[in-house]
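**Student:** Input file: work-v8.pdb. Contents: PDB, C-alpha atoms and all ligand atoms.
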```
ATOM      1  CA  MET A1110     103.536  74.536 -43.053  1.00  0.00           C
ATOM      2  CA  ALA A1111     105.347  74.344 -39.719  1.00  0.00           C
ATOM      3  CA  ASP A1112     108.586  76.201 -39.064  1.00  0.00           C
ATOM      4  CA  ILE A1113     111.224  73.945 -37.467  1.00  0.00           C
ATOM      5  CA  LEU A1114     114.452  75.124 -35.827  1.00  0.00           C
ATOM      6  CA  VAL A1115     117.254  72.555 -35.571  1.00  0.00           C
ATOM      7  CA  VAL A1116     119.917  73.255 -32.918  1.00  0.00           C
ATOM      8  CA  GLU A1117     122.604  70.614 -33.455  1.00  0.00           C
ATOM      9  CA  ASP A1118     126.392  71.015 -33.616  1.00  0.00           C
ATOM     10  CA  GLU A1119     127.263  67.854 -35.561  1.00  0.00           C
ATOM     11  CA  PRO A1120     127.084  68.932 -39.238  1.00  0.00           C
ATOM     12  CA  ALA A1121     126.161  65.465 -40.552  1.00  0.00           C
ATOM     13  CA  ILE A1122     123.248  65.064 -38.117  1.00  0.00           C
ATOM     14  CA  GLN A1123     122.143  68.672 -38.610  1.00  0.00           C
ATOM     15  CA  SER A1124     121.897  68.247 -42.379  1.00  0.00           C
ATOM     16  CA  LEU A1125     120.249  64.833 -42.058  1.00  0.00           C
ATOM     17  CA  ILE A1126     117.507  66.376 -39.889  1.00  0.00           C
ATOM     18  CA  ALA A1127     117.159  69.455 -42.119  1.00  0.00           C
ATOM     19  CA  MET A1128     116.899  67.326 -45.244  1.00  0.00           C
ATOM     20  CA  ASN A1129     114.229  65.061 -43.781  1.00  0.00           C
ATOM     21  CA  CYS A1130     112.234  67.977 -42.378  1.00  0.00           C
ATOM     22  CA  THR A1131     112.316  69.773 -45.730  1.00  0.00           C
ATOM     23  CA  ARG A1132     111.206  66.608 -47.480  1.00  0.00           C
ATOM     24  CA  ALA A1133     108.331  66.302 -44.974  1.00  0.00           C
ATOM     25  CA  GLY A1134     107.168  69.774 -46.045  1.00  0.00           C
ATOM     26  CA  PHE A1135     108.478  71.836 -43.120  1.00  0.00           C
ATOM     27  CA  THR A1136     110.365  75.103 -43.301  1.00  0.00           C
ATOM     28  CA  VAL A1137     113.751  74.564 -41.635  1.00  0.00           C
ATOM     29  CA  ARG A1138     116.338  76.835 -40.040  1.00  0.00           C
ATOM     30  CA  SER A1139     119.512  75.406 -38.494  1.00  0.00           C
ATOM     31  CA  ALA A1140     121.856  76.547 -35.705  1.00  0.00           C
ATOM     32  CA  SER A1141     125.153  74.939 -34.638  1.00  0.00           C
ATOM     33  CA  THR A1142     125.498  76.521 -31.193  1.00  0.00           C
ATOM     34  CA  ALA A1143     123.187  77.391 -28.307  1.00  0.00           C
ATOM     35  CA  ALA A1144     123.914  81.103 -28.860  1.00  0.00           C
ATOM     36  CA  GLN A1145     122.917  80.851 -32.525  1.00  0.00           C
ATOM     37  CA  GLY A1146     119.758  78.958 -31.623  1.00  0.00           C
ATOM     38  CA  GLN A1147     118.844  81.571 -29.020  1.00  0.00           C
ATOM     39  CA  ALA A1148     119.382  84.405 -31.532  1.00  0.00           C
ATOM     40  CA  MET A1149     117.144  82.680 -34.081  1.00  0.00           C
ATOM     41  CA  VAL A1150     114.372  82.154 -31.529  1.00  0.00           C
ATOM     42  CA  SER A1151     114.629  85.817 -30.495  1.00  0.00           C
ATOM     43  CA  ALA A1152     114.223  86.888 -34.120  1.00  0.00           C
ATOM     44  CA  VAL A1153     111.327  84.627 -35.133  1.00  0.00           C
ATOM     45  CA  LEU A1154     109.467  82.044 -33.052  1.00  0.00           C
ATOM     46  CA  PRO A1155     109.534  78.590 -34.664  1.00  0.00           C
ATOM     47  CA  ASP A1156     106.684  76.100 -34.212  1.00  0.00           C
ATOM     48  CA  LEU A1157     109.026  73.405 -32.934  1.00  0.00           C
ATOM     49  CA  ILE A1158     112.674  73.084 -31.913  1.00  0.00           C
ATOM     50  CA  VAL A1159     114.772  69.960 -32.406  1.00  0.00           C
ATOM     51  CA  LEU A1160     117.363  70.502 -29.685  1.00  0.00           C
ATOM     52  CA  ASP A1161     120.598  68.596 -29.173  1.00  0.00           C
ATOM     53  CA  TRP A1162     121.540  67.897 -25.558  1.00  0.00           C
ATOM     54  CA  MET A1163     125.302  68.404 -25.907  1.00  0.00           C
ATOM     55  CA  LEU A1164     126.148  71.711 -27.568  1.00  0.00           C
ATOM     56  CA  PRO A1165     129.600  73.343 -27.562  1.00  0.00           C
ATOM     57  CA  ASP A1166     128.671  76.494 -25.631  1.00  0.00           C
ATOM     58  CA  ARG A1167     125.724  75.523 -23.444  1.00  0.00           C
ATOM     59  CA  SER A1168     123.674  72.385 -22.795  1.00  0.00           C
ATOM     60  CA  GLY A1169     120.343  71.878 -24.525  1.00  0.00           C
ATOM     61  CA  VAL A1170     118.757  71.291 -21.112  1.00  0.00           C
ATOM     62  CA  GLU A1171     119.788  74.792 -19.985  1.00  0.00           C
ATOM     63  CA  LEU A1172     118.373  76.285 -23.164  1.00  0.00           C
ATOM     64  CA  ALA A1173     115.086  74.424 -22.733  1.00  0.00           C
ATOM     65  CA  GLN A1174     114.822  75.619 -19.119  1.00  0.00           C
ATOM     66  CA  MET A1175     115.434  79.194 -20.194  1.00  0.00           C
ATOM     67  CA  TRP A1176     112.772  79.042 -22.930  1.00  0.00           C
ATOM     68  CA  ARG A1177     110.262  77.524 -20.520  1.00  0.00           C
ATOM     69  CA  GLY A1178     110.883  80.356 -18.072  1.00  0.00           C
ATOM     70  CA  ASP A1179     110.097  83.078 -20.621  1.00  0.00           C
ATOM     71  CA  ALA A1180     106.461  83.963 -21.359  1.00  0.00           C
ATOM     72  CA  ARG A1181     107.204  84.472 -25.057  1.00  0.00           C
ATOM     73  CA  THR A1182     108.754  81.033 -25.563  1.00  0.00           C
ATOM     74  CA  ARG A1183     106.956  79.036 -22.863  1.00  0.00           C
ATOM     75  CA  LYS A1184     104.712  77.147 -25.262  1.00  0.00           C
ATOM     76  CA  LEU A1185     107.355  76.210 -27.839  1.00  0.00           C
ATOM     77  CA  ALA A1186     107.336  72.506 -28.696  1.00  0.00           C
ATOM     78  CA  ILE A1187     110.777  71.050 -27.924  1.00  0.00           C
ATOM     79  CA  LEU A1188     112.070  67.672 -29.067  1.00  0.00           C
ATOM     80  CA  MET A1189     115.382  66.851 -27.379  1.00  0.00           C
ATOM     81  CA  LEU A1190     118.063  64.734 -29.059  1.00  0.00           C
ATOM     82  CA  THR A1191     120.386  62.854 -26.795  1.00  0.00           C
ATOM     83  CA  ALA A1192     123.246  60.433 -27.311  1.00  0.00           C
ATOM     84  CA  ARG A1193     122.729  59.156 -23.797  1.00  0.00           C
ATOM     85  CA  GLY A1194     119.984  56.700 -23.083  1.00  0.00           C
ATOM     86  CA  GLU A1195     120.153  56.556 -19.309  1.00  0.00           C
ATOM     87  CA  GLU A1196     116.858  56.879 -17.525  1.00  0.00           C
ATOM     88  CA  ALA A1197     118.158  59.601 -15.154  1.00  0.00           C
ATOM     89  CA  ASP A1198     119.184  61.858 -18.038  1.00  0.00           C
ATOM     90  CA  VAL A1199     115.866  61.489 -19.781  1.00  0.00           C
ATOM     91  CA  VAL A1200     114.099  62.462 -16.555  1.00  0.00           C
ATOM     92  CA  THR A1201     116.327  65.554 -16.259  1.00  0.00           C
ATOM     93  CA  GLY A1202     115.369  66.514 -19.810  1.00  0.00           C
ATOM     94  CA  LEU A1203     111.664  66.087 -19.215  1.00  0.00           C
ATOM     95  CA  ASP A1204     111.960  68.057 -15.960  1.00  0.00           C
ATOM     96  CA  ALA A1205     113.485  70.904 -17.947  1.00  0.00           C
ATOM     97  CA  GLY A1206     110.235  71.118 -19.896  1.00  0.00           C
ATOM     98  CA  VAL A1207     111.190  69.157 -22.986  1.00  0.00           C
ATOM     99  CA  ASP A1208     108.074  67.698 -24.670  1.00  0.00           C
ATOM    100  CA  ASP A1209     109.685  64.569 -26.068  1.00  0.00           C
ATOM    101  CA  TYR A1210     113.140  63.112 -26.601  1.00  0.00           C
ATOM    102  CA  LEU A1211     114.830  60.855 -29.088  1.00  0.00           C
ATOM    103  CA  THR A1212     118.050  58.903 -28.486  1.00  0.00           C
ATOM    104  CA  LYS A1213     120.771  58.939 -31.143  1.00  0.00           C
ATOM    105  CA  PRO A1214     121.095  57.141 -33.456  1.00  0.00           C
ATOM    106  CA  PHE A1215     117.479  57.518 -34.563  1.00  0.00           C
ATOM    107  CA  SER A1216     115.668  56.763 -37.780  1.00  0.00           C
ATOM    108  CA  PRO A1217     114.618  59.854 -39.781  1.00  0.00           C
ATOM    109  CA  LYS A1218     111.172  58.289 -40.122  1.00  0.00           C
ATOM    110  CA  GLU A1219     110.736  58.163 -36.365  1.00  0.00           C
ATOM    111  CA  LEU A1220     111.990  61.736 -36.012  1.00  0.00           C
ATOM    112  CA  ILE A1221     109.363  63.016 -38.470  1.00  0.00           C
ATOM    113  CA  ALA A1222     106.643  60.945 -36.774  1.00  0.00           C
ATOM    114  CA  ARG A1223     107.560  62.444 -33.372  1.00  0.00           C
ATOM    115  CA  ILE A1224     107.630  65.980 -34.834  1.00  0.00           C
ATOM    116  CA  ASN A1225     104.207  65.493 -36.394  1.00  0.00           C
ATOM    117  CA  ALA A1226     102.804  64.159 -33.121  1.00  0.00           C
ATOM    118  CA  LEU A1227     104.118  67.188 -31.197  1.00  0.00           C
ATOM    119  CA  LEU A1228     102.794  69.632 -33.792  1.00  0.00           C
ATOM    120  CA  ARG A1229      99.359  68.034 -33.672  1.00  0.00           C
ATOM    121  CA  ARG A1230      99.380  68.397 -29.902  1.00  0.00           C
ATOM    122  CA  ALA A1231     100.489  72.034 -30.156  1.00  0.00           C
ATOM    123  CA  VAL A1232      97.874  73.069 -32.719  1.00  0.00           C
ATOM    124  CA  PRO A1233      94.274  72.389 -31.737  1.00  0.00           C
ATOM    125  CA  GLU A1234      92.384  70.593 -34.495  1.00  0.00           C
ATOM    126  CA  ALA A1235      89.765  73.334 -34.972  1.00  0.00           C
ATOM    127  CA  SER A1236      92.360  75.962 -35.828  1.00  0.00           C
ATOM    128  CA  GLN A1237      93.461  73.807 -38.788  1.00  0.00           C
ATOM    129  CA  LEU A1238      90.053  73.925 -40.478  1.00  0.00           C
ATOM    130  CA  SER A1239      89.706  76.166 -43.497  1.00  0.00           C
ATOM    131  CA  VAL A1240      87.439  79.199 -43.312  1.00  0.00           C
ATOM    132  CA  ALA A1241      85.489  80.904 -46.085  1.00  0.00           C
ATOM    133  CA  LEU A1242      83.839  84.296 -45.608  1.00  0.00           C
ATOM    134  CA  GLY A1243      82.599  86.623 -48.311  1.00  0.00           C
ATOM    135  CA  ALA A1244      84.994  86.441 -51.258  1.00  0.00           C
ATOM    136  CA  LEU A1245      87.848  85.129 -49.122  1.00  0.00           C
ATOM    137  CA  SER A1246      88.839  81.624 -48.298  1.00  0.00           C
ATOM    138  CA  LEU A1247      91.750  80.598 -46.078  1.00  0.00           C
ATOM    139  CA  ASP A1248      93.288  77.164 -45.561  1.00  0.00           C
ATOM    140  CA  PRO A1249      95.604  76.934 -42.513  1.00  0.00           C
ATOM    141  CA  SER A1250      96.967  73.511 -43.459  1.00  0.00           C
ATOM    142  CA  THR A1251      98.398  74.795 -46.763  1.00  0.00           C
ATOM    143  CA  HIS A1252      98.799  78.470 -45.680  1.00  0.00           C
ATOM    144  CA  GLN A1253      96.804  79.491 -48.738  1.00  0.00           C
ATOM    145  CA  VAL A1254      94.436  82.414 -49.055  1.00  0.00           C
ATOM    146  CA  THR A1255      92.304  82.978 -52.112  1.00  0.00           C
ATOM    147  CA  ALA A1256      90.190  86.004 -52.993  1.00  0.00           C
ATOM    148  CA  ARG A1257      87.598  85.396 -55.710  1.00  0.00           C
ATOM    149  CA  GLY A1258      89.649  82.372 -56.735  1.00  0.00           C
ATOM    150  CA  ALA A1259      92.994  84.206 -56.974  1.00  0.00           C
ATOM    151  CA  THR A1260      95.820  83.248 -54.602  1.00  0.00           C
ATOM    152  CA  LEU A1261      97.093  86.005 -52.301  1.00  0.00           C
ATOM    153  CA  LYS A1262     100.693  86.436 -51.168  1.00  0.00           C
ATOM    154  CA  LEU A1263     100.748  87.195 -47.430  1.00  0.00           C
ATOM    155  CA  SER A1264     103.556  87.280 -44.889  1.00  0.00           C
ATOM    156  CA  PRO A1265     103.205  84.847 -41.939  1.00  0.00           C
ATOM    157  CA  ILE A1266     102.005  87.642 -39.622  1.00  0.00           C
ATOM    158  CA  GLU A1267      99.419  88.935 -42.102  1.00  0.00           C
ATOM    159  CA  PHE A1268      98.271  85.381 -42.654  1.00  0.00           C
ATOM    160  CA  ARG A1269      97.774  84.840 -38.909  1.00  0.00           C
ATOM    161  CA  LEU A1270      96.044  88.197 -38.601  1.00  0.00           C
ATOM    162  CA  LEU A1271      93.587  87.399 -41.385  1.00  0.00           C
ATOM    163  CA  HIS A1272      93.042  83.892 -39.975  1.00  0.00           C
ATOM    164  CA  TYR A1273      92.205  85.351 -36.563  1.00  0.00           C
ATOM    165  CA  PHE A1274      89.818  87.896 -38.102  1.00  0.00           C
ATOM    166  CA  MET A1275      88.045  85.237 -40.153  1.00  0.00           C
ATOM    167  CA  LYS A1276      87.646  82.956 -37.136  1.00  0.00           C
ATOM    168  CA  HIS A1277      86.193  85.849 -35.125  1.00  0.00           C
ATOM    169  CA  PRO A1278      84.204  88.004 -37.547  1.00  0.00           C
ATOM    170  CA  HIS A1279      81.863  90.910 -36.637  1.00  0.00           C
ATOM    171  CA  ILE A1280      83.616  91.439 -33.290  1.00  0.00           C
ATOM    172  CA  VAL A1281      85.679  94.550 -32.564  1.00  0.00           C
ATOM    173  CA  HIS A1282      89.231  93.546 -31.619  1.00  0.00           C
ATOM    174  CA  SER A1283      91.432  96.024 -29.784  1.00  0.00           C
ATOM    175  CA  ARG A1284      95.068  96.334 -30.848  1.00  0.00           C
ATOM    176  CA  GLY A1285      96.147  94.769 -27.555  1.00  0.00           C
ATOM    177  CA  LYS A1286      93.891  91.787 -28.087  1.00  0.00           C
ATOM    178  CA  LEU A1287      95.178  91.310 -31.642  1.00  0.00           C
ATOM    179  CA  LEU A1288      98.766  91.455 -30.365  1.00  0.00           C
ATOM    180  CA  ASP A1289      98.042  88.735 -27.802  1.00  0.00           C
ATOM    181  CA  ALA A1290      96.203  86.534 -30.281  1.00  0.00           C
ATOM    182  CA  VAL A1291      98.440  86.926 -33.314  1.00  0.00           C
ATOM    183  CA  TRP A1292     101.908  87.807 -32.008  1.00  0.00           C
ATOM    184  CA  GLY A1293     101.650  85.881 -28.742  1.00  0.00           C
ATOM    185  CA  ASP A1294     103.063  87.216 -25.492  1.00  0.00           C
ATOM    186  CA  HIS A1295     105.595  89.219 -27.439  1.00  0.00           C
ATOM    187  CA  VAL A1296     106.889  91.928 -25.161  1.00  0.00           C
ATOM    188  CA  TYR A1297     108.833  93.802 -27.851  1.00  0.00           C
ATOM    189  CA  VAL A1298     105.918  94.698 -30.111  1.00  0.00           C
ATOM    190  CA  GLU A1299     104.182  98.073 -29.903  1.00  0.00           C
ATOM    191  CA  GLU A1300     100.491  98.532 -30.612  1.00  0.00           C
ATOM    192  CA  ARG A1301     101.094 100.614 -33.723  1.00  0.00           C
ATOM    193  CA  THR A1302     102.776  97.553 -35.279  1.00  0.00           C
ATOM    194  CA  VAL A1303      99.229  96.207 -35.614  1.00  0.00           C
ATOM    195  CA  ASP A1304      98.299  99.224 -37.769  1.00  0.00           C
ATOM    196  CA  VAL A1305     101.293  98.608 -40.037  1.00  0.00           C
ATOM    197  CA  HIS A1306     100.264  95.003 -40.644  1.00  0.00           C
ATOM    198  CA  ILE A1307      96.602  95.901 -41.118  1.00  0.00           C
ATOM    199  CA  ARG A1308      97.727  98.368 -43.784  1.00  0.00           C
ATOM    200  CA  ARG A1309      99.756  95.653 -45.541  1.00  0.00           C
ATOM    201  CA  LEU A1310      96.902  93.191 -45.277  1.00  0.00           C
ATOM    202  CA  ARG A1311      94.487  95.702 -46.822  1.00  0.00           C
ATOM    203  CA  ALA A1312      97.014  96.431 -49.575  1.00  0.00           C
ATOM    204  CA  ALA A1313      97.168  92.705 -50.371  1.00  0.00           C
ATOM    205  CA  LEU A1314      93.366  92.471 -50.400  1.00  0.00           C
ATOM    206  CA  ALA A1315      92.794  95.669 -52.421  1.00  0.00           C
ATOM    207  CA  PRO A1316      93.624  94.322 -55.921  1.00  0.00           C
ATOM    208  CA  HIS A1317      90.804  91.806 -55.398  1.00  0.00           C
ATOM    209  CA  GLY A1318      88.349  94.386 -54.068  1.00  0.00           C
ATOM    210  CA  CYS A1319      88.385  92.771 -50.615  1.00  0.00           C
ATOM    211  CA  GLU A1320      90.013  95.514 -48.531  1.00  0.00           C
ATOM    212  CA  ASN A1321      86.627  96.558 -47.087  1.00  0.00           C
ATOM    213  CA  HIS A1322      86.421  93.285 -45.160  1.00  0.00           C
ATOM    214  CA  ILE A1323      88.522  94.985 -42.484  1.00  0.00           C
ATOM    215  CA  ASP A1324      86.816  97.871 -40.723  1.00  0.00           C
ATOM    216  CA  THR A1325      88.624 100.428 -38.587  1.00  0.00           C
ATOM    217  CA  ILE A1326      86.655 101.235 -35.435  1.00  0.00           C
ATOM    218  CA  ARG A1327      87.657 104.652 -34.096  1.00  0.00           C
ATOM    219  CA  GLY A1328      89.039 104.303 -30.598  1.00  0.00           C
ATOM    220  CA  GLY A1329      88.207 100.603 -30.636  1.00  0.00           C
ATOM    221  CA  GLY A1330      90.393  98.659 -32.994  1.00  0.00           C
ATOM    222  CA  TYR A1331      89.482  96.539 -35.990  1.00  0.00           C
ATOM    223  CA  ARG A1332      86.657  94.302 -37.123  1.00  0.00           C
ATOM    224  CA  PHE A1333      86.233  91.793 -39.940  1.00  0.00           C
ATOM    225  CA  VAL A1334      82.967  92.030 -41.849  1.00  0.00           C
ATOM    226  CA  ASP A1335      81.815  89.817 -44.725  1.00  0.00           C
TER     227      ASP A1335
HETATM  228 CA    CA B   1     126.145  67.530 -29.901  1.00  0.00          CA
END
```
Now that the file is in, can you turn its structure into structure tokens?
**Tutor:**
Amino acid sequence: MADILVVEDEPAIQSLIAMNCTRAGFTVRSASTAAQGQAMVSAVLPDLIVLDWMLPDRSGVELAQMWRGDARTRKLAILMLTARGEEADVVTGLDAGVDDYLTKPFSPKELIARINALLRRAVPEASQLSVALGALSLDPSTHQVTARGATLKLSPIEFRLLHYFMKHPHIVHSRGKLLDAVWGDHVYVEERTVDVHIRRLRAALAPHGCENHIDTIRGGGYRFVD
């Protein structure tokens, strides 16, 4: 389930987008100003941003340029909304690193189709395939993990961590490598954060007798075994 951030100051359009995204099965957060949008991106990275061009405090183009210039947000998928249709403006938007744009007024159907197309481009097909190892099975398209048939409740980070382990079993992963692969180029995260999430992941696996899938390698990191 993709996480969409909508940055749009017109309440009617913001709720129209949010409603259609929710109906399409996405998780949606909304911001009405550039500052709010920036704060939400700093807190949690979304999978895609629907970004209005004209915002009260800062233009969407400036925001997009800033996100493209930052290693942590460089790969964010951005769909720009614009009330202007002029060719020159669209070119400016695409130069700023926007992946696609849609001119207002737009049909909700087309918006969802564009979002889906961008998400497909952002997520390589292979990473959407489900994996089954030992007693565990994980389905990225539904974000579901089952252990001996029972559904597990995992946070998004623990889910990504387990997914990465299951895609790369039997290999020792250092904490730094796990940070890069699971958290992305996130400069604010310390290596011991990995230990905290491994602990939580093991705690979630323990009631199903699956905690031994994750091995601690002294001085090395962690390894998934089946
Ligand atoms: Ca606006």
**Student:** Which chains and residue numbers are within 8 Å of ligand CA 1 (chain B), counting all atoms listed in the file, if I want them as a PyMOL selection string?
**Tutor:** chain A and resi 1117-1119+1161-1165
**Student:** What is the CA of His1279 in chain A-CA of Tyr1331 in chain A distance in Å, reported with one decimal?
**Tutor:**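 Distance between the two atoms: 9.5 Å.
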**Student:** For the structure provided, state which residues fall under the PyMOL selection byres (((chain A and resi 1329) around 8) and not hetatm), and present them as a tab-separated table (two decimals) with C-alpha atoms, keeping the file's coordinate frame.
**Tutor:**
```
chain	number	residue	atom	x	y	z
A	1281	VAL	CA	85.68	94.55	-32.56
A	1282	HIS	CA	89.23	93.55	-31.62
A	1283	SER	CA	91.43	96.02	-29.78
A	1325	THR	CA	88.62	100.43	-38.59
A	1326	ILE	CA	86.66	101.24	-35.44
A	1327	ARG	CA	87.66	104.65	-34.10
A	1328	GLY	CA	89.04	104.30	-30.60
A	1330	GLY	CA	90.39	98.66	-32.99
A	1331	TYR	CA	89.48	96.54	-35.99
```
**Student:** One number please: CA of Arg1132 in chain A to CA of Lys1262 in chain A, in Å, one decimal.
**Tutor:**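 So the two atoms, CA of Arg1132 in chain A and CA of Lys1262 in chain A, lie 22.7 Å apart.
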**Student:** Each side padded by 4 Å, which centre and which edge lengths in Å (one decimal) define the axis-aligned box around the listed atoms of range 1110-1113 of chain A? Give them as AutoDock Vina command-line options.
**Tutor:**
```
--center_x 107.4 --center_y 75.1 --center_z -40.3 --size_x 15.7 --size_y 10.3 --size_z 13.6
```
**Student:** So that each row is one residue of range 1195-1283 of chain A with an atom at most 9 Å from range 1300-1308 of chain A, can you give its shortest atom pair and the distance in Å to one decimal, using only C-alpha atoms, rows by chain and rising number, as CSV?
**Tutor:**
```
residue,atom,partner,partner_atom,distance
A:Ile1266,CA,A:His1306,CA,7.6
A:Glu1267,CA,A:His1306,CA,6.3
A:Leu1270,CA,A:Ile1307,CA,8.1
```
**Student:** Near Asn1225 in chain A, counting all atoms listed in the file, which residues have an atom at most 12 Å away, once you skip same-chain residues fewer than 6 positions from it, shown as a list in words?
**Tutor:**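 Listing them by chain and then by number gives Met1110, Ala1111, Asp1112, Ile1113, Cys1130, Ala1133, Gly1134, Phe1135, Asp1156, Leu1157, Ala1186, Leu1188, Asp1209, Lys1218, Glu1219, Ala1231 and Val1232 of chain A.
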**Student:** Apply the PyMOL selection byres (((chain A and resi 1211) around 6) and not hetatm) to the file shown and report the selected residues as a VMD selection string.
**Tutor:** chain A and resid 1190 1210 1212
**Student:** I need the chosen residues saved as a PDB file, keeping the file's coordinate frame, with C-alpha atoms.
**Tutor:**
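Result saved to part.pdb:
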```
ATOM      1  CA  LEU A1190     118.063  64.734 -29.059  1.00  0.00           C
ATOM      2  CA  TYR A1210     113.140  63.112 -26.601  1.00  0.00           C
ATOM      3  CA  THR A1212     118.050  58.903 -28.486  1.00  0.00           C
TER       4      THR A1212
END
```
**Student:** May I ask for the distance between CA of Leu1310 in chain A and CA of Val1240 in chain A, given in Å to one decimal place?
**Tutor:**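 Taking CA of Leu1310 in chain A as the start and CA of Val1240 in chain A as the end point, the length is 17.0 Å.
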**Student:** Taking the file above as input, evaluate the PyMOL selection byres (((chain A and resi 1169) around 9) and not hetatm) and report the hits as a tab-separated table (two decimals) with C-alpha atoms, in the coordinates of the input.
**Tutor:**
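What landed in expr-v9.tsv:
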```tsv
chain	number	residue	atom	x	y	z
A	1116	VAL	CA	119.92	73.26	-32.92
A	1143	ALA	CA	123.19	77.39	-28.31
A	1160	LEU	CA	117.36	70.50	-29.68
A	1161	ASP	CA	120.60	68.60	-29.17
A	1162	TRP	CA	121.54	67.90	-25.56
A	1163	MET	CA	125.30	68.40	-25.91
A	1164	LEU	CA	126.15	71.71	-27.57
A	1167	ARG	CA	125.72	75.52	-23.44
A	1168	SER	CA	123.67	72.39	-22.80
A	1170	VAL	CA	118.76	71.29	-21.11
A	1171	GLU	CA	119.79	74.79	-19.98
A	1172	LEU	CA	118.37	76.28	-23.16
A	1173	ALA	CA	115.09	74.42	-22.73
A	1174	GLN	CA	114.82	75.62	-19.12
A	1189	MET	CA	115.38	66.85	-27.38
A	1190	LEU	CA	118.06	64.73	-29.06
A	1202	GLY	CA	115.37	66.51	-19.81
```
**Student:** Given only C-alpha atoms as the basis, pick out the residue of A:Asp1179, A:Val1137, A:Leu1228, A:Val1153 nearest to Pro1265 in chain A.
**Tutor:**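 Result for the nearest residue to Pro1265 in chain A: A:Val1153.
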**Student:** Just checking: using only C-alpha atoms, which residue out of A:Leu1271, A:Leu1185, A:Met1175, A:Ile1158 ends up closest to Val1254 in chain A?
**Tutor:**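 Looking at the shortest contact to Val1254 in chain A, the residue is A:Leu1271.
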**Student:** Using the incomplete input, complete range 1249-1254 of chain A to the level of all heavy atoms; output as a PDB file, in the frame of the given file.
**Tutor:**
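Here's the written file out25.pdb:
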```
ATOM      1  N   PRO A1249      94.433  76.928 -43.387  1.00  0.00           N
ATOM      2  CA  PRO A1249      95.604  76.934 -42.513  1.00  0.00           C
ATOM      3  C   PRO A1249      96.578  75.793 -42.793  1.00  0.00           C
ATOM      4  O   PRO A1249      97.772  75.937 -42.586  1.00  0.00           O
ATOM      5  CB  PRO A1249      95.023  76.772 -41.106  1.00  0.00           C
ATOM      6  CG  PRO A1249      93.584  77.059 -41.235  1.00  0.00           C
ATOM      7  CD  PRO A1249      93.198  76.717 -42.637  1.00  0.00           C
ATOM      8  N   SER A1250      96.066  74.646 -43.279  1.00  0.00           N
ATOM      9  CA  SER A1250      96.967  73.511 -43.459  1.00  0.00           C
ATOM     10  C   SER A1250      97.918  73.722 -44.637  1.00  0.00           C
ATOM     11  O   SER A1250      99.015  73.189 -44.653  1.00  0.00           O
ATOM     12  CB  SER A1250      96.166  72.221 -43.636  1.00  0.00           C
ATOM     13  OG  SER A1250      95.383  72.302 -44.787  1.00  0.00           O
ATOM     14  N   THR A1251      97.504  74.518 -45.628  1.00  0.00           N
ATOM     15  CA  THR A1251      98.398  74.795 -46.763  1.00  0.00           C
ATOM     16  C   THR A1251      98.892  76.243 -46.759  1.00  0.00           C
ATOM     17  O   THR A1251      99.677  76.628 -47.616  1.00  0.00           O
ATOM     18  CB  THR A1251      97.678  74.550 -48.106  1.00  0.00           C
ATOM     19  OG1 THR A1251      96.514  75.387 -48.145  1.00  0.00           O
ATOM     20  CG2 THR A1251      97.270  73.110 -48.260  1.00  0.00           C
ATOM     21  N   HIS A1252      98.435  77.048 -45.773  1.00  0.00           N
ATOM     22  CA  HIS A1252      98.799  78.470 -45.680  1.00  0.00           C
ATOM     23  C   HIS A1252      98.369  79.232 -46.928  1.00  0.00           C
ATOM     24  O   HIS A1252      99.049  80.150 -47.359  1.00  0.00           O
ATOM     25  CB  HIS A1252     100.307  78.636 -45.460  1.00  0.00           C
ATOM     26  CG  HIS A1252     100.654  78.846 -44.020  1.00  0.00           C
ATOM     27  ND1 HIS A1252     101.389  79.912 -43.566  1.00  0.00           N
ATOM     28  CD2 HIS A1252     100.326  78.133 -42.941  1.00  0.00           C
ATOM     29  CE1 HIS A1252     101.502  79.831 -42.260  1.00  0.00           C
ATOM     30  NE2 HIS A1252     100.868  78.753 -41.857  1.00  0.00           N
ATOM     31  N   GLN A1253      97.243  78.839 -47.523  1.00  0.00           N
ATOM     32  CA  GLN A1253      96.804  79.491 -48.738  1.00  0.00           C
ATOM     33  C   GLN A1253      95.566  80.342 -48.509  1.00  0.00           C
ATOM     34  O   GLN A1253      94.642  79.936 -47.800  1.00  0.00           O
ATOM     35  CB  GLN A1253      96.509  78.443 -49.796  1.00  0.00           C
ATOM     36  CG  GLN A1253      97.268  78.749 -51.065  1.00  0.00           C
ATOM     37  CD  GLN A1253      96.803  77.929 -52.234  1.00  0.00           C
ATOM     38  OE1 GLN A1253      95.695  77.405 -52.249  1.00  0.00           O
ATOM     39  NE2 GLN A1253      97.655  77.843 -53.232  1.00  0.00           N
ATOM     40  N   VAL A1254      95.598  81.536 -49.095  1.00  0.00           N
ATOM     41  CA  VAL A1254      94.436  82.414 -49.055  1.00  0.00           C
ATOM     42  C   VAL A1254      94.040  82.725 -50.482  1.00  0.00           C
ATOM     43  O   VAL A1254      94.890  83.081 -51.304  1.00  0.00           O
ATOM     44  CB  VAL A1254      94.751  83.745 -48.336  1.00  0.00           C
ATOM     45  CG1 VAL A1254      93.512  84.625 -48.269  1.00  0.00           C
ATOM     46  CG2 VAL A1254      95.305  83.499 -46.953  1.00  0.00           C
TER      47      VAL A1254
END
```
